[in-house]
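Report on one structure; see the data block that follows.
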Amino acid sequence: MQTQKIYKMKRNIAIVAGGDSSEIIISLKSAEGIYSFLDKNKYNVYIAILKAGEWIVKLLDGKQVPIDKNNFSFKEEGETKQFDFAYITIHGTPGEDGRLQGYFDMIGMPYSSCGMFVSALTFNKYACNHYLKGFGVNIADSIHIFKGQTVSDEEVVNRLGLPVFVKPNDGGSSFGVTKVKNASDIQPAIEKAFSEGKEVVIESFIEGTEVTCGCYKTSEKEVVFPVTEVVTDNEFFDFDAKYNGQVKEITPARISAELTEKVQSETLRIYEILGAKGIIRVDYIITADGTPKLLEINTTPGMTVTSFIPQQVRAAGLDIKDVMTDIIENEFN
């Protein structure tokens, strides 16, 4: 009876995609994935595309209409319609860095992801990793610089050794990332990273097995997914590896039951330390001594049909439709 009462009237769901970074192309793919996952018998589902100066909704007939930013409403056939929930799948600003979360908080719109502070914190890789280090989470050694600041090749090599990873600190992990093996390539890599953001982090290379693990919690349960092993012949898990098939993604990972439990427990522990919400995905390198070292946290993980989270959901024997329903309905319980 309770379930029938909840779903008596369909909720209007906005899948919020787009954004103002290079990751917009991934965001739009994730939006299509989420659209295919959501239960259309329970929800009226629309894709909302947000870009600087243009917020629009794609109607079911293919037309596009503007969004009223005062209350995130839109008009369909002359009738004003209000969204009940926003499923955020913007990778990068403003959907992953807390800005959009702050807007939705101000207008009272329930949404899928972590709140404003946690989103802002996890988006800043250096700040987040060093915050979690205070709770005993293992991280790589790193150097952090702002645009306008410099660091010499000698200092990088002396502090971190080679190779190192140079990447935007305030952006996603698909663009502007370089694995640097030679000191002469450090400055060009920093310049490339600054093309994607205003901060750069230089991290020591960690030898080991790359894995990733997703989880979510509701008021009634906690769910941690199987661990995925990431294997690529590329220098690292770059854009081509992620989206052009140049990678093997093995779920469950080819690691011991003990290591699997360690990664899953650490993922849930990080979720709780942060006070996260919705689905997150945590990336690690497992070193030779069996230590999972944190790479980064994704609070709006990719949700294409072939992305890690849908893979892990399938490997867990769960239905992605039910997982999406959990995320939405938890905001109304």
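A note on labels: chains of the structure tokens are A, B, ... as shown, every chain counts residues from 1, and ligands are counted from 1 in their shown order.
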Distance query Leu100 (chain A) at most 12 Å, only C-alpha atoms, self and fewer than 6 positions along chain excluded, as a PyMOL selection string: chain A and resi 16-20+50-51+69+72+86-94+106-107+109-117+119-120
Residues from the last selection, C-alpha atoms, saved as a compact mmCIF listing (two decimals), in the first residue's frame:
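Result file is result10.txt:
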```txt
# COMPACT_ATOMS: atom_id res chain seq x y z
CA VAL A 16 20.75 17.82 -15.41
CA ALA A 17 23.59 17.67 -17.93
CA GLY A 18 25.91 20.01 -19.81
CA GLY A 19 28.25 22.28 -17.90
CA ASP A 20 30.97 24.74 -18.77
CA LEU A 50 22.81 23.79 -18.59
CA LYS A 51 25.49 25.89 -20.25
CA LYS A 69 16.07 30.06 -13.19
CA PHE A 72 13.84 25.69 -12.24
CA ALA A 86 17.20 16.90 -10.20
CA TYR A 87 19.52 14.05 -11.11
CA ILE A 88 22.82 15.87 -11.58
CA THR A 89 25.20 14.40 -14.12
CA ILE A 90 27.38 17.40 -14.97
CA HIS A 91 31.03 16.36 -14.84
CA GLY A 92 32.94 19.52 -14.00
CA THR A 93 31.62 22.98 -13.20
CA PRO A 94 28.91 23.89 -12.16
CA MET A 106 18.31 27.85 -2.23
CA ILE A 107 15.20 27.02 -4.25
CA MET A 109 14.95 21.36 -5.07
CA PRO A 110 15.92 17.82 -4.02
CA TYR A 111 18.87 16.45 -5.98
CA SER A 112 20.90 13.28 -6.39
CA SER A 113 24.45 14.13 -5.44
CA CYS A 114 26.49 15.29 -2.45
CA GLY A 115 25.69 18.66 -0.92
CA MET A 116 27.40 21.93 -1.76
CA PHE A 117 30.34 21.68 0.64
CA SER A 119 30.90 18.58 -3.78
CA ALA A 120 33.25 21.57 -3.59
```
Name the residues in contact with Cys215 (chain A) at a cut-off of 8 Å, using only C-alpha atoms, excluding same-chain residues fewer than 2 positions from it; report them as a short mmCIF file (atom, residue, chain, number, x, y, z; two decimals) with C-alpha atoms, in the first residue's frame.
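Once written, out_38.cif looks like this:
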```
data_model
loop_
_atom_site.label_atom_id
_atom_site.label_comp_id
_atom_site.auth_asym_id
_atom_site.auth_seq_id
_atom_site.Cartn_x
_atom_site.Cartn_y
_atom_site.Cartn_z
CA CYS A 213 34.57 1.06 -6.28
CA LYS A 217 23.48 4.92 1.17
CA GLU A 222 24.02 0.93 2.49
CA VAL A 223 25.16 -0.64 -0.77
CA VAL A 224 28.77 -1.11 -1.80
CA PHE A 225 29.36 -2.44 -5.29
CA THR A 267 35.03 3.30 0.19
CA LEU A 268 32.18 3.19 2.70
CA ILE A 279 26.27 7.44 -5.60
CA ILE A 280 29.99 8.10 -5.33
CA ARG A 281 32.92 6.26 -6.90
#
```
Please extract the residues of region 25-265 of chain A with a backbone DSSP assignment of strand (DSSP E) and present them as an MDAnalysis selection string. chainID A and resid 43:51 54:58 64:66 73:76 79:82 85:88 142:146 164:168 178:180 199:204 209:217 222:224 228:231 248:250
What's around Leu38 (chain A) at 9 Å? Count only C-alpha atoms, leave out sequence neighbours fewer than 4 positions away in its own chain, and write the answer as a PDB file with C-alpha atoms, in the first residue's frame.
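Final file, around_27.pdb:
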```pdb
ATOM      1  CA  GLY A  33      22.444   6.599 -19.966  1.00  0.00           C
ATOM      2  CA  ILE A  34      20.461   7.785 -16.943  1.00  0.00           C
ATOM      3  CA  LYS A  42       7.089   6.005 -12.114  1.00  0.00           C
ATOM      4  CA  TYR A  43       8.631   9.210 -13.452  1.00  0.00           C
ATOM      5  CA  VAL A  45      11.800  12.173 -17.284  1.00  0.00           C
ATOM      6  CA  ILE A 320      20.097  -0.228 -12.263  1.00  0.00           C
ATOM      7  CA  LYS A 321      16.467   0.921 -12.443  1.00  0.00           C
ATOM      8  CA  ASP A 322      15.997   0.004  -8.779  1.00  0.00           C
ATOM      9  CA  MET A 324      18.098   4.965  -9.543  1.00  0.00           C
ATOM     10  CA  THR A 325      14.739   4.719  -7.772  1.00  0.00           C
TER      11      THR A 325
END
```
Here is a test: counting only C-alpha atoms, which residue of A:Asp153, A:Asp68, A:Asp97, A:Asp105 is nearest to Trp55 (chain A)? A:Asp68
